[in-house]
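What follows is a short report on a single structure.
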Amino acid sequence: MLSTIAMVLSLIVGLSLIYLLIRTIQGHPVERRIVFIYIGLAVVLPLLMNKTLPLPITKDVQKLYDQLEKLQPGSKVLCAFDYDPPSAPELQPMAVAFLKYAFKKDLKIIIMGLWPQGPQQAQQAIEEAMLDPIIAGKNLVQGEDWVNLGFQSGNEFVIQSMGTEFKRMFPKDNRHIAYGEIPLLQDVVNFSNVDFVINFSAGKPGTTEWVQFGVDRFGFEMVAGNTAVQAPMMYPYLRTGQLKGLLGGMSGAAEFEKILDEKGKASTFLLAQTFAHATVIIFIIIGNLAFFSSRKKKMAGTP
Amino acid sequence: MRRQIPILITTIAGLVFAISYFIPHDPFGESESIFGDWITIVQAFAVWLGALNLLKISFEKISSKSADWPYAAIIVVSLMGTLAVGFYDGYSGMAQDPQISFRDPGTNFDWLYRFIYTPLSATMFSMLAFFVASASYRAFRARNVQATLLLIAGFFVMGGRVPLFDMMISPITDFPVFSWFADWIMTYPNTAGQRAIMIGIALGIMSSSLRIILGIERSHIGGGSG
């Protein structure tokens, strides 16, 4: 019922945009507040629709998936959570989908963060992943199947020091258990003892620092999930193979959920983003019509 | 001496980091780790410095009753309240068996994080959507060739990053025009531009690093260059 109402309202909003378009051509430009209202509606209404869109898988997401598929059960994956709540709508669905996949595949997860809030976001992602009946049935144990090493300040120097010894930067995990007493970390000294690295990043320190100070120097294989704003900066690393795959923004998260067959929040949020993009594009067209209309009037000499 | 010693430390640390990249063996490898630890410790202190600075500025605003001083009061109360809750949870967690961290699920600090900090910061960030839309509406105009090219690129990247636009043209063609063009823009023109920026930044970092290591640039210790 709610979904039908939302769809009808969206249709009305869409038609009213055509009305705005005609008004603009007639010489009545749209106010800033009107743009705000339309963007608000474009984001909220799709969230009530409970619909998903058919989504093709891009090659960067496919490459990332292929890398993950190569990992054998028991492989150790270092998972760096370098983001905070503002970026969570884009990055948290990626993290949850990855953790579900990893736990189902019996990968061993080592969590850390260069952002203070990162390990807490990881904790929330683990809790959400654990709600999956298959994962809950595995009775996973913290310290044996996954470990959360917490946050360490120092940005890229943390990565550099971890190249010598993880213990140096993380003497205890987030439960105050000494590094040497954690079963999962018994034979993990540095990057040469982990099979793969995945980084969820919203800025600095993040994927750029992991590539420059980690991949380039210590030679491990890495993929990343980035916010839509940051993703374009990672393309040079993708093209050179320094990054083996990339999830970019909400669409990357939704594609990741689709390829892993894990229906999550990104697939739902993508509809809101689609409507928001469409609204912005329509307003850009309206803005340009207003611009050309006023220029035509000026050239014609009318006030 | 107040200037020479910091310059000496900077020079030694800078050289150690540069050399250890190519010769990661002792004594450079170990020295690099020691300097790395120093940097981590200094950065941890910087967090405190930032918090104390925030408190100082906020107290000054409150005492002088300057414009928007109630917001400064809210900052002080929020900061002190969060600190108190964190310390309380951390202290009481140490007494439990097994020990729990103040950040663990179920603690008061975790409640603050999940139900106050997370929605507030998400709200601030979400407001960007409104401002970006409004700015796009007002600024994305085809005024000249360059602006028109940017407009076309923006149109295809925004359209290609969501499936709706390819769906809309699917009755005409099965080829995903929007997503293909968005991907092309990101893979080729964007990568070329990003590489140029990265190379420029790297050269800039190298030249300023050399100036600092050689003691030519001294602004970081409170003096001018030269």
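Ligands are numbered from 1 in the order shown, chains are lettered A, B, ... in the order of the structure tokens, and residues start at 1 in each chain.
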
- Give the residues of chain B that lie within 7 Å of chain A; count only C-alpha atoms, and format the answer as an MDAnalysis selection string. chainID B and resid 33 36 39:40 43:44 99:101 103 118 121:122 125 130 133:134 136:138 140:142 155 158:159 161:164 186:187 190:191 194:195

Store the residues picked out above in a file with N, CA and C atoms, as a tab-separated table (two decimals), in the first residue's frame.
chain	number	residue	atom	x	y	z
B	33	SER	N	61.42	2.16	11.88
B	33	SER	CA	60.36	1.73	12.79
B	33	SER	C	60.30	2.64	14.03
B	36	GLY	N	58.87	5.87	13.04
B	36	GLY	CA	57.44	5.63	12.80
B	36	GLY	C	56.66	5.63	14.10
B	39	ILE	N	56.26	9.12	15.33
B	39	ILE	CA	55.20	9.86	14.60
B	39	ILE	C	53.82	9.45	15.12
B	40	THR	N	53.64	8.15	15.36
B	40	THR	CA	52.35	7.67	15.87
B	40	THR	C	52.04	8.31	17.22
B	43	GLN	N	51.24	12.01	16.78
B	43	GLN	CA	49.89	12.19	16.22
B	43	GLN	C	48.81	11.91	17.26
B	44	ALA	N	49.07	10.93	18.14
B	44	ALA	CA	48.09	10.64	19.21
B	44	ALA	C	47.96	11.86	20.12
B	99	GLN	N	37.54	-8.60	30.06
B	99	GLN	CA	37.49	-7.14	30.00
B	99	GLN	C	36.74	-6.67	28.75
B	100	ILE	N	35.99	-5.60	28.90
B	100	ILE	CA	35.34	-5.04	27.70
B	100	ILE	C	35.83	-3.60	27.48
B	101	SER	N	35.84	-3.23	26.21
B	101	SER	CA	36.29	-1.89	25.85
B	101	SER	C	35.11	-0.93	25.91
B	103	ARG	N	34.19	0.87	23.70
B	103	ARG	CA	33.55	0.90	22.38
B	103	ARG	C	32.70	-0.34	22.12
B	118	THR	N	26.06	8.99	15.19
B	118	THR	CA	25.84	8.49	13.83
B	118	THR	C	24.73	9.27	13.12
B	121	SER	N	25.88	13.04	12.46
B	121	SER	CA	26.88	13.23	11.41
B	121	SER	C	26.32	12.84	10.05
B	122	ALA	N	25.44	11.83	10.02
B	122	ALA	CA	24.81	11.45	8.74
B	122	ALA	C	23.92	12.59	8.23
B	125	PHE	N	26.06	15.31	6.67
B	125	PHE	CA	26.58	14.89	5.37
B	125	PHE	C	25.46	14.85	4.33
B	130	PHE	N	21.44	18.33	-1.02
B	130	PHE	CA	20.62	19.50	-1.35
B	130	PHE	C	21.49	20.61	-1.95
B	133	ALA	N	22.74	19.66	-5.44
B	133	ALA	CA	21.67	19.80	-6.44
B	133	ALA	C	21.45	21.27	-6.78
B	134	SER	N	21.38	22.09	-5.75
B	134	SER	CA	21.14	23.52	-5.96
B	134	SER	C	22.30	24.15	-6.74
B	136	SER	N	24.40	22.60	-8.74
B	136	SER	CA	24.38	22.08	-10.12
B	136	SER	C	23.37	22.86	-10.95
B	137	TYR	N	22.22	23.11	-10.36
B	137	TYR	CA	21.15	23.83	-11.06
B	137	TYR	C	21.60	25.24	-11.47
B	138	ARG	N	22.35	25.89	-10.55
B	138	ARG	CA	22.73	27.28	-10.81
B	138	ARG	C	24.03	27.42	-11.60
B	140	PHE	N	25.87	24.70	-13.44
B	140	PHE	CA	26.12	23.85	-14.61
B	140	PHE	C	25.46	24.44	-15.84
B	141	ARG	N	26.03	25.48	-16.40
B	141	ARG	CA	25.44	26.13	-17.57
B	141	ARG	C	26.38	26.02	-18.76
B	142	ALA	N	25.80	25.85	-19.95
B	142	ALA	CA	26.62	25.71	-21.15
B	142	ALA	C	27.04	27.10	-21.66
B	155	PHE	N	26.58	14.88	-17.28
B	155	PHE	CA	25.29	14.29	-17.64
B	155	PHE	C	25.42	12.77	-17.82
B	158	MET	N	26.55	10.97	-14.37
B	158	MET	CA	25.41	10.86	-13.44
B	158	MET	C	24.37	9.87	-13.96
B	159	GLY	N	24.14	9.92	-15.26
B	159	GLY	CA	23.16	9.01	-15.85
B	159	GLY	C	23.65	7.58	-15.92
B	161	ARG	N	25.82	6.08	-13.88
B	161	ARG	CA	26.11	5.45	-12.60
B	161	ARG	C	24.87	4.83	-11.95
B	162	VAL	N	23.71	5.08	-12.56
B	162	VAL	CA	22.45	4.46	-12.07
B	162	VAL	C	21.75	3.80	-13.26
B	163	PRO	N	20.99	2.73	-13.03
B	163	PRO	CA	20.48	1.95	-14.17
B	163	PRO	C	19.29	2.56	-14.91
B	164	LEU	N	18.66	3.59	-14.35
B	164	LEU	CA	17.41	4.11	-14.91
B	164	LEU	C	17.53	4.57	-16.36
B	186	MET	N	35.37	7.67	-17.15
B	186	MET	CA	36.12	7.39	-15.93
B	186	MET	C	37.45	6.70	-16.24
B	187	THR	N	37.43	5.78	-17.21
B	187	THR	CA	38.63	4.98	-17.48
B	187	THR	C	39.70	5.77	-18.24
B	190	ASN	N	39.30	10.66	-17.26
B	190	ASN	CA	39.46	10.82	-15.82
B	190	ASN	C	40.82	10.30	-15.35
B	191	THR	N	41.19	9.09	-15.83
B	191	THR	CA	42.47	8.50	-15.41
B	191	THR	C	43.63	9.39	-15.84
B	194	GLN	N	43.68	12.40	-13.56
B	194	GLN	CA	44.12	12.03	-12.20
B	194	GLN	C	45.63	11.78	-12.18
B	195	ARG	N	46.12	11.12	-13.24
B	195	ARG	CA	47.57	10.85	-13.30
B	195	ARG	C	48.36	12.15	-13.33

- Item | Residue list (helix (DSSP H, G or I), DSSP) for range 198-272 of chain A, as a ChimeraX atom specification | /A:207-218,231-240,249-260,265-272

Only C-alpha atoms, please: the residues just picked out, written as a short mmCIF file (atom, residue, chain, number, x, y, z; two decimals), in the first residue's frame.
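Saved the output as part_17.cif:
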data_model
loop_
_atom_site.label_atom_id
_atom_site.label_comp_id
_atom_site.auth_asym_id
_atom_site.auth_seq_id
_atom_site.Cartn_x
_atom_site.Cartn_y
_atom_site.Cartn_z
CA THR A 207 43.07 3.57 -0.22
CA THR A 208 45.70 5.97 -1.63
CA GLU A 209 47.91 5.48 1.44
CA TRP A 210 47.33 1.70 1.43
CA VAL A 211 48.45 1.53 -2.21
CA GLN A 212 51.43 3.86 -1.85
CA PHE A 213 52.77 2.60 1.48
CA GLY A 214 51.44 -0.95 1.47
CA VAL A 215 50.93 -2.46 -1.99
CA ASP A 216 53.90 -0.73 -3.63
CA ARG A 217 56.33 -1.52 -0.85
CA PHE A 218 55.21 -4.87 0.55
CA ALA A 231 36.47 6.44 -6.49
CA PRO A 232 37.54 8.49 -9.57
CA MET A 233 40.94 9.12 -7.92
CA MET A 234 41.59 5.37 -7.76
CA TYR A 235 41.34 4.70 -11.49
CA PRO A 236 45.08 5.18 -12.15
CA TYR A 237 45.81 2.46 -9.55
CA LEU A 238 43.20 0.19 -11.14
CA ARG A 239 44.67 0.61 -14.60
CA THR A 240 48.19 -0.28 -13.37
CA GLY A 249 29.83 4.44 -4.25
CA MET A 250 26.29 3.22 -3.88
CA SER A 251 26.13 1.65 -7.34
CA GLY A 252 29.34 -0.29 -6.61
CA ALA A 253 27.83 -1.50 -3.33
CA ALA A 254 24.60 -2.55 -5.07
CA GLU A 255 26.54 -4.39 -7.78
CA PHE A 256 28.60 -6.12 -5.09
CA GLU A 257 25.44 -7.24 -3.31
CA LYS A 258 24.06 -8.52 -6.60
CA ILE A 259 27.18 -10.46 -7.60
CA LEU A 260 27.41 -12.01 -4.12
CA LYS A 265 20.63 -1.92 1.88
CA ALA A 266 22.59 -0.67 -1.16
CA SER A 267 20.13 -2.28 -3.59
CA THR A 268 17.30 -0.34 -1.88
CA PHE A 269 19.28 2.90 -1.53
CA LEU A 270 20.25 2.78 -5.21
CA LEU A 271 16.66 3.53 -6.24
CA ALA A 272 16.76 6.72 -4.12
#

Determine, counting only C-alpha atoms, which protein, DNA and RNA residues have an atom within 7 Å of an atom of range 63-68 of chain A; residues of the same chain fewer than 3 positions away are not included. Present the result as a PDB file with C-alpha atoms, in the first residue's frame.
ATOM      1  CA  LYS A  59      34.163  -4.792 -14.952  1.00  0.00           C
ATOM      2  CA  ASP A  60      35.795  -3.311 -11.808  1.00  0.00           C
ATOM      3  CA  LEU A  71      40.767 -17.167  -1.926  1.00  0.00           C
ATOM      4  CA  VAL A 223      40.943  -4.374  -3.486  1.00  0.00           C
ATOM      5  CA  LYS A 244      42.827  -5.485  -8.184  1.00  0.00           C
ATOM      6  CA  GLY A 245      39.235  -4.276  -8.057  1.00  0.00           C
ATOM      7  CA  LEU A 246      37.104  -1.347  -6.938  1.00  0.00           C
TER       8      LEU A 246
END

- For CA of Leu214 in chain B and CA of Ala46 in chain B, quote the distance in Å rounded to one decimal.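 Distance reported for this atom pair: 25.5 Å.
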
- Item | DSSP strand (DSSP E or B) selection over range 62-300 of chain A, as a ChimeraX atom specification | /A:76-82,108-113,142,146-151,172,178,196-201,222-226,246-248

- Item | Close residues, Val76 in chain B itself excluded, 8 Å, only C-alpha atoms, min 5 positions apart in chain, as a PyMOL selection string | chain B and resi 55+58-59

- Item | Selection near Lys104 in chain A, 10 Å with only C-alpha atoms, sequence-local residues under 6 positions removed, as a list in words |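 Surrounding residues, per the criterion: Pro73, Phe98, Ala129, Asp132, Ile134, Ile135, Ala136 and Lys138 of chain A.
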
Take the residues that were just selected and, keeping N, CA and C atoms, output them as an mmCIF file, in the first residue's frame.
data_model
loop_
_atom_site.group_PDB
_atom_site.id
_atom_site.type_symbol
_atom_site.label_atom_id
_atom_site.label_comp_id
_atom_site.auth_asym_id
_atom_site.auth_seq_id
_atom_site.Cartn_x
_atom_site.Cartn_y
_atom_site.Cartn_z
ATOM 1 N N PRO A 73 39.193 -21.351 1.535
ATOM 2 C CA PRO A 73 38.722 -21.297 2.931
ATOM 3 C C PRO A 73 39.918 -21.334 3.889
ATOM 4 N N PHE A 98 30.548 -7.969 2.173
ATOM 5 C CA PHE A 98 31.840 -8.658 2.163
ATOM 6 C C PHE A 98 31.964 -9.614 3.358
ATOM 7 N N ALA A 129 26.057 -8.989 9.891
ATOM 8 C CA ALA A 129 26.373 -10.226 9.161
ATOM 9 C C ALA A 129 25.969 -11.458 9.967
ATOM 10 N N ASP A 132 22.580 -13.357 9.659
ATOM 11 C CA ASP A 132 22.333 -14.323 8.591
ATOM 12 C C ASP A 132 22.294 -15.732 9.205
ATOM 13 N N ILE A 134 22.797 -18.689 8.075
ATOM 14 C CA ILE A 134 23.912 -19.603 7.740
ATOM 15 C C ILE A 134 25.132 -19.264 8.594
ATOM 16 N N ILE A 135 25.402 -17.956 8.726
ATOM 17 C CA ILE A 135 26.580 -17.529 9.507
ATOM 18 C C ILE A 135 26.346 -17.805 10.993
ATOM 19 N N ALA A 136 25.127 -17.521 11.459
ATOM 20 C CA ALA A 136 24.814 -17.779 12.877
ATOM 21 C C ALA A 136 25.013 -19.259 13.198
ATOM 22 N N LYS A 138 27.171 -21.213 12.081
ATOM 23 C CA LYS A 138 28.587 -21.614 12.097
ATOM 24 C C LYS A 138 29.237 -21.434 13.467
#

Name all residues at most 7 Å from Asn199 in chain A (count only C-alpha atoms; drop same-chain ones fewer than 4 positions away) and give them as a PDB file with N, CA and C atoms, in the first residue's frame.
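Writing done, so here's out_11.pdb:
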ATOM      1  N   CYS A  79      41.303  -6.542   6.830  1.00  0.00           N
ATOM      2  CA  CYS A  79      40.182  -5.700   6.407  1.00  0.00           C
ATOM      3  C   CYS A  79      40.294  -4.346   7.115  1.00  0.00           C
ATOM      4  N   ALA A  80      40.644  -3.310   6.352  1.00  0.00           N
ATOM      5  CA  ALA A  80      40.854  -1.988   6.953  1.00  0.00           C
ATOM      6  C   ALA A  80      39.592  -1.139   6.791  1.00  0.00           C
ATOM      7  N   PHE A  81      39.038  -0.725   7.909  1.00  0.00           N
ATOM      8  CA  PHE A  81      37.831   0.107   7.905  1.00  0.00           C
ATOM      9  C   PHE A  81      38.247   1.551   8.133  1.00  0.00           C
ATOM     10  N   THR A 207      42.563   4.451   0.835  1.00  0.00           N
ATOM     11  CA  THR A 207      43.069   3.568  -0.225  1.00  0.00           C
ATOM     12  C   THR A 207      44.372   4.091  -0.836  1.00  0.00           C
ATOM     13  N   VAL A 223      42.106  -4.977  -2.813  1.00  0.00           N
ATOM     14  CA  VAL A 223      40.943  -4.374  -3.486  1.00  0.00           C
ATOM     15  C   VAL A 223      40.370  -3.326  -2.531  1.00  0.00           C
ATOM     16  N   ALA A 224      39.493  -2.478  -3.050  1.00  0.00           N
ATOM     17  CA  ALA A 224      38.973  -1.410  -2.189  1.00  0.00           C
ATOM     18  C   ALA A 224      37.522  -1.084  -2.501  1.00  0.00           C
ATOM     19  N   GLY A 225      36.852  -0.585  -1.487  1.00  0.00           N
ATOM     20  CA  GLY A 225      35.518  -0.015  -1.640  1.00  0.00           C
ATOM     21  C   GLY A 225      35.610   1.446  -1.255  1.00  0.00           C
TER      22      GLY A 225
END
